[in-house]
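Raw start.csv, CSV, C-alpha atoms:
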```csv
chain,number,residue,atom,x,y,z
A,291,MET,CA,168.7,-231.9,103.7
A,292,THR,CA,165.8,-232.6,106.0
A,293,GLY,CA,162.2,-231.4,105.6
A,294,ASP,CA,160.4,-229.1,103.2
A,295,PRO,CA,162.0,-225.8,102.2
A,296,LEU,CA,161.2,-223.0,104.6
A,297,CYS,CA,159.2,-221.0,102.1
A,298,ASP,CA,155.6,-220.7,100.8
A,299,ARG,CA,154.3,-223.8,99.2
A,300,SER,CA,153.9,-222.0,95.9
A,301,GLN,CA,157.7,-221.6,95.8
A,302,TYR,CA,158.6,-225.3,96.5
A,303,ARG,CA,159.4,-226.1,92.8
A,304,ASP,CA,161.7,-223.1,92.2
A,305,VAL,CA,163.4,-223.4,95.6
A,306,CYS,CA,164.0,-227.2,95.2
A,307,LEU,CA,165.4,-226.9,91.7
A,308,ALA,CA,167.7,-223.9,92.6
A,309,PHE,CA,168.9,-225.7,95.8
A,310,VAL,CA,169.7,-228.9,94.0
A,311,LYS,CA,171.5,-227.0,91.2
A,312,PHE,CA,173.6,-225.1,93.7
A,313,ILE,CA,174.5,-228.2,95.7
A,314,THR,CA,175.5,-230.2,92.7
A,315,ALA,CA,177.1,-227.6,90.5
A,316,GLU,CA,178.7,-225.1,92.9
A,317,ALA,CA,179.2,-227.1,96.1
A,318,ARG,CA,179.9,-230.3,94.1
A,319,LEU,CA,178.1,-232.5,96.6
A,320,THR,CA,175.6,-235.3,96.2
A,321,PRO,CA,172.3,-234.3,97.8
A,322,VAL,CA,170.1,-236.5,99.9
A,323,TRP,CA,166.7,-235.0,100.8
A,324,MET,CA,164.6,-236.8,103.4
A,325,LEU,CA,161.4,-236.4,105.5
A,326,VAL,CA,159.6,-234.2,103.0
A,327,SER,CA,155.9,-233.7,102.2
A,328,TYR,CA,154.2,-235.4,99.3
A,329,GLU,CA,154.4,-232.2,97.3
A,330,VAL,CA,158.1,-231.9,97.6
A,331,GLN,CA,158.5,-235.7,97.0
A,332,ARG,CA,156.6,-235.3,93.7
A,333,ILE,CA,158.9,-232.4,92.6
A,334,LEU,CA,162.0,-234.4,93.4
A,335,ALA,CA,160.8,-237.6,91.8
A,336,GLN,CA,159.1,-236.1,88.7
A,337,GLN,CA,161.1,-233.1,87.9
A,338,LEU,CA,164.5,-234.2,89.0
A,339,ALA,CA,164.1,-237.9,88.3
A,340,TRP,CA,165.0,-238.8,91.9
A,341,ARG,CA,164.1,-242.1,93.5
A,342,SER,CA,161.8,-241.8,96.5
A,343,LEU,CA,160.8,-243.8,99.5
A,344,SER,CA,157.6,-243.4,101.6
A,345,CYS,CA,157.3,-243.7,105.3
A,346,THR,CA,155.2,-246.7,106.3
A,347,GLU,CA,153.7,-244.9,109.3
A,348,GLU,CA,153.8,-241.5,110.7
A,349,GLN,CA,152.4,-240.5,114.0
A,350,ARG,CA,151.5,-237.0,115.2
A,351,VAL,CA,150.4,-235.9,118.6
A,352,ASP,CA,149.0,-232.5,119.5
A,353,ALA,CA,151.5,-231.5,122.2
A,354,ASN,CA,149.1,-229.0,123.6
A,355,LYS,CA,146.4,-231.6,124.3
A,356,HIS,CA,148.6,-234.6,125.1
A,357,SER,CA,148.6,-235.7,128.7
A,358,ASN,CA,150.7,-238.3,130.4
A,359,ALA,CA,147.6,-239.5,132.4
A,360,ASN,CA,147.0,-242.6,130.3
A,361,GLY,CA,150.7,-243.6,130.1
A,362,ALA,CA,151.2,-244.4,133.8
A,363,GLY,CA,152.9,-247.7,133.2
A,364,PRO,CA,155.8,-249.3,135.1
A,365,LYS,CA,158.3,-246.9,133.8
A,366,ALA,CA,156.2,-243.9,134.8
A,367,ARG,CA,155.7,-245.3,138.2
A,368,ARG,CA,159.4,-246.0,138.6
A,369,VAL,CA,160.3,-242.4,137.5
A,370,GLU,CA,157.8,-241.0,140.0
A,371,ARG,CA,159.1,-243.3,142.8
A,372,GLU,CA,162.6,-242.1,142.1
A,373,GLY,CA,161.5,-238.5,142.6
A,374,VAL,CA,162.1,-237.4,139.0
A,375,LYS,CA,160.0,-234.5,137.9
A,376,ILE,CA,158.8,-234.2,134.3
A,377,SER,CA,158.0,-230.7,133.1
A,378,GLU,CA,158.0,-228.2,130.3
A,379,VAL,CA,160.5,-225.4,130.9
A,380,LYS,CA,161.4,-222.0,129.5
A,381,PRO,CA,165.2,-222.2,129.6
A,382,ASP,CA,166.9,-219.6,131.8
A,383,ALA,CA,170.6,-219.2,132.3
A,384,ASP,CA,170.6,-221.7,135.3
A,385,PHE,CA,168.7,-224.4,133.4
A,386,MET,CA,170.9,-224.0,130.3
A,387,ARG,CA,174.1,-224.3,132.4
A,388,ARG,CA,172.8,-227.5,134.0
A,389,ALA,CA,171.5,-228.9,130.6
A,390,ASN,CA,174.8,-228.0,128.9
A,391,ALA,CA,176.7,-230.0,131.6
A,392,ALA,CA,174.5,-233.0,130.9
A,393,ILE,CA,175.0,-232.6,127.1
A,394,ASP,CA,178.7,-232.4,127.6
A,395,ALA,CA,178.7,-235.6,129.7
A,396,TRP,CA,176.5,-237.3,127.0
A,397,LYS,CA,178.9,-236.2,124.2
A,398,ALA,CA,181.9,-237.6,126.2
A,399,THR,CA,180.3,-241.1,125.9
A,400,ARG,CA,180.0,-240.9,122.1
A,401,LYS,CA,182.7,-242.9,120.2
A,402,GLY,CA,183.8,-243.2,116.6
A,403,LYS,CA,181.2,-242.2,114.0
A,404,GLN,CA,178.6,-241.3,116.7
A,405,VAL,CA,180.7,-238.2,117.5
A,406,HIS,CA,180.0,-236.8,114.1
A,407,MET,CA,176.3,-237.7,113.8
A,408,THR,CA,174.8,-234.6,115.3
A,409,GLU,CA,175.6,-231.3,116.7
A,410,VAL,CA,173.4,-230.7,119.7
A,411,ARG,CA,172.5,-227.0,119.9
A,412,PRO,CA,169.2,-226.8,121.8
A,413,TRP,CA,169.3,-223.1,122.5
A,414,VAL,CA,169.4,-222.0,118.8
A,415,ASP,CA,166.0,-220.4,117.8
A,416,ALA,CA,164.6,-220.9,121.3
A,417,PRO,CA,161.5,-218.8,120.7
A,418,HIS,CA,160.4,-221.5,118.2
A,419,ARG,CA,161.2,-224.4,120.4
A,420,ARG,CA,159.6,-226.2,123.3
A,421,TYR,CA,161.7,-227.9,126.0
A,422,PHE,CA,160.6,-230.8,128.2
A,423,VAL,CA,162.9,-232.1,130.9
A,424,ALA,CA,163.1,-234.9,133.4
A,425,GLU,CA,165.1,-233.8,136.4
A,426,LYS,CA,165.8,-234.6,140.0
A,427,ASP,CA,167.7,-232.5,142.6
A,428,ALA,CA,168.6,-229.9,139.9
A,429,LYS,CA,170.2,-232.7,137.8
A,430,VAL,CA,169.0,-233.0,134.2
A,431,HIS,CA,168.3,-236.6,133.4
A,432,SER,CA,166.6,-236.3,130.0
A,433,LEU,CA,165.8,-233.5,127.6
A,434,VAL,CA,163.3,-233.4,124.7
A,435,VAL,CA,163.4,-230.4,122.4
A,436,LEU,CA,160.5,-229.8,119.9
A,437,ALA,CA,161.0,-227.6,116.9
A,438,LYS,CA,158.2,-225.5,115.5
A,439,LEU,CA,157.3,-226.4,111.9
A,440,ALA,CA,155.0,-224.6,109.6
A,441,PRO,CA,151.6,-224.0,111.4
A,442,ARG,CA,149.9,-226.8,109.4
A,443,TYR,CA,152.5,-229.3,110.6
A,444,GLY,CA,152.9,-228.3,114.3
A,445,TRP,CA,156.0,-229.5,116.2
A,446,GLN,CA,158.6,-232.2,115.5
A,447,VAL,CA,161.1,-233.8,117.9
A,448,LYS,CA,164.5,-232.1,117.3
A,449,TRP,CA,166.4,-233.9,120.1
A,450,ALA,CA,165.5,-236.6,122.6
A,451,LEU,CA,168.5,-237.1,124.9
A,452,ASP,CA,168.9,-239.5,127.7
A,453,PHE,CA,171.9,-238.5,129.7
A,454,PRO,CA,174.5,-240.7,131.5
A,455,GLY,CA,173.3,-241.7,135.0
A,456,SER,CA,169.6,-241.0,134.3
A,457,VAL,CA,166.9,-242.9,136.0
A,458,ASN,CA,165.8,-245.9,133.9
A,459,GLY,CA,162.7,-245.0,131.9
A,460,ALA,CA,163.0,-241.2,132.2
A,461,ILE,CA,163.3,-240.6,128.5
A,462,GLU,CA,160.4,-242.9,127.6
A,463,VAL,CA,158.2,-241.1,130.2
A,464,LEU,CA,159.3,-237.7,129.0
A,465,ILE,CA,158.6,-238.6,125.3
A,466,ASP,CA,155.2,-240.2,126.2
```
Could you take the file, read its structure, and then write that structure out as structure tokens?
Amino acid sequence: MTGDPLCDRSQYRDVCLAFVKFITAEARLTPVWMLVSYEVQRILAQQLAWRSLSCTEEQRVDANKHSNANGAGPKARRVEREGVKISEVKPDADFMRRANAAIDAWKATRKGKQVHMTEVRPWVDAPHRRYFVAEKDAKVHSLVVLAKLAPRYGWQVKWALDFPGSVNGAIEVLID
């Protein structure tokens, strides 16, 4: 499980306890819960006697105020020189078709356990996502999808994908 429960903070304790009970008793699985707030970490550690680890550093950027102006390093200059355009998009049918083709090409390069690591479904819950793309001549080189969290937390990176044949540095510039 990743992140805090999608409920009001006052419900964290009850939801966490019920979820863990369901997973262990009914589903007969061993749960791992990661990337949670301090509140949820305390519930898991103190009430369920779980071990917990803390992140050594967490960085957050206000995506509405962030600008690429100060990140014009060598990779940004290369991407610009290659004619790659960086933009935020509202996915329409044409964009989704082009991005899906790039995702399929990316999936084809995965081998072994990598194949099962993640299911890439960027169009699920689109109204609560932001899409940033690096593209050239209608070819999607890189895609970053942000997922909306609770208002107090803002956005998190859901996927950052660098597709086969992309211009070197496109994903770094897109993320920056």
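Nearest to A:Pro295 of all the residues A:Ala416, A:Asp394, A:Leu439, A:Glu462 is A:Leu439, counting all atoms listed in the file.
Atom pair atom CA of A:Val410 / atom CA of A:Lys448 has a distance of 9.3 Å (rounded to one decimal).
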Residues within 7 Å of A:Met291, all atoms listed in the file, excluding chain neighbours under 5 positions, as number ranges by chain: A: 322-324
Can you tell me how far atom CA of A:Phe453 sits from atom CA of A:Asp382, in Å to one decimal? 19.7 Å
Between A:Lys365, A:Arg420, A:His431, A:Arg303, which is the closest to A:Pro381 once you count only C-alpha atoms?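 Checking each of A:Lys365, A:Arg420, A:His431, A:Arg303 against A:Pro381, counting only C-alpha atoms, the winner is A:Arg420.
Checking A:Leu307, A:Val447, A:Val374, A:Met386 one by one against A:Asp427, counting only C-alpha atoms, you find the shortest gap at A:Val374.
Using all atoms listed in the file, the residues found no farther than 12 Å from stretch 335-345 of chain A, other than those of its own chain fewer than 3 positions away, are Tyr302, Arg303, Asp304, Cys306, Leu307, Ala308, Phe309, Val310, Lys311, Thr320, Pro321, Val322, Trp323, Met324, Leu325, Val326, Ser327, Tyr328, Glu329, Val330, Gln331, Arg332, Glu348 and Gln349 of chain A.
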Restricted to C-alpha atoms, what would the selected residues look like written as a PDB file, in the coordinates of the input?
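Okay, result-v5.pdb is ready:
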```
ATOM      1  CA  TYR A 302     158.600-225.300  96.500  1.00  0.00           C
ATOM      2  CA  ARG A 303     159.400-226.100  92.800  1.00  0.00           C
ATOM      3  CA  ASP A 304     161.700-223.100  92.200  1.00  0.00           C
ATOM      4  CA  CYS A 306     164.000-227.200  95.200  1.00  0.00           C
ATOM      5  CA  LEU A 307     165.400-226.900  91.700  1.00  0.00           C
ATOM      6  CA  ALA A 308     167.700-223.900  92.600  1.00  0.00           C
ATOM      7  CA  PHE A 309     168.900-225.700  95.800  1.00  0.00           C
ATOM      8  CA  VAL A 310     169.700-228.900  94.000  1.00  0.00           C
ATOM      9  CA  LYS A 311     171.500-227.000  91.200  1.00  0.00           C
ATOM     10  CA  THR A 320     175.600-235.300  96.200  1.00  0.00           C
ATOM     11  CA  PRO A 321     172.300-234.300  97.800  1.00  0.00           C
ATOM     12  CA  VAL A 322     170.100-236.500  99.900  1.00  0.00           C
ATOM     13  CA  TRP A 323     166.700-235.000 100.800  1.00  0.00           C
ATOM     14  CA  MET A 324     164.600-236.800 103.400  1.00  0.00           C
ATOM     15  CA  LEU A 325     161.400-236.400 105.500  1.00  0.00           C
ATOM     16  CA  VAL A 326     159.600-234.200 103.000  1.00  0.00           C
ATOM     17  CA  SER A 327     155.900-233.700 102.200  1.00  0.00           C
ATOM     18  CA  TYR A 328     154.200-235.400  99.300  1.00  0.00           C
ATOM     19  CA  GLU A 329     154.400-232.200  97.300  1.00  0.00           C
ATOM     20  CA  VAL A 330     158.100-231.900  97.600  1.00  0.00           C
ATOM     21  CA  GLN A 331     158.500-235.700  97.000  1.00  0.00           C
ATOM     22  CA  ARG A 332     156.600-235.300  93.700  1.00  0.00           C
ATOM     23  CA  GLU A 348     153.800-241.500 110.700  1.00  0.00           C
ATOM     24  CA  GLN A 349     152.400-240.500 114.000  1.00  0.00           C
TER      25      GLN A 349
END
```
Draw an axis-aligned box tight on the listed atoms of stretch 408-415 of chain A, then pad every side by 3 Å and write out centre and edge lengths in Å to one decimal as AutoDock Vina command-line options.
```
--center_x 170.8 --center_y -227.5 --center_z 118.9 --size_x 15.6 --size_y 20.2 --size_z 13.2
```
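In this structure, atom CA of A:Pro417 sits 12.8 Å away from atom CA of A:Trp445.
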Which one is closest to A:Pro412: A:Asn390, A:Ser456, A:Gln446, A:Thr314? Count only C-alpha atoms. A:Asn390
With distances taken over only C-alpha atoms, which residue among A:Ala366, A:Ala437, A:Val430, A:Ala392 lies nearest A:Gly459?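 Of the candidates, the smallest distance to A:Gly459 is held by A:Ala366.
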Nearest residue to A:Ile465 out of A:Gly444, A:Asp298, A:Ile393, A:Ser377, using all atoms listed in the file? A:Ser377
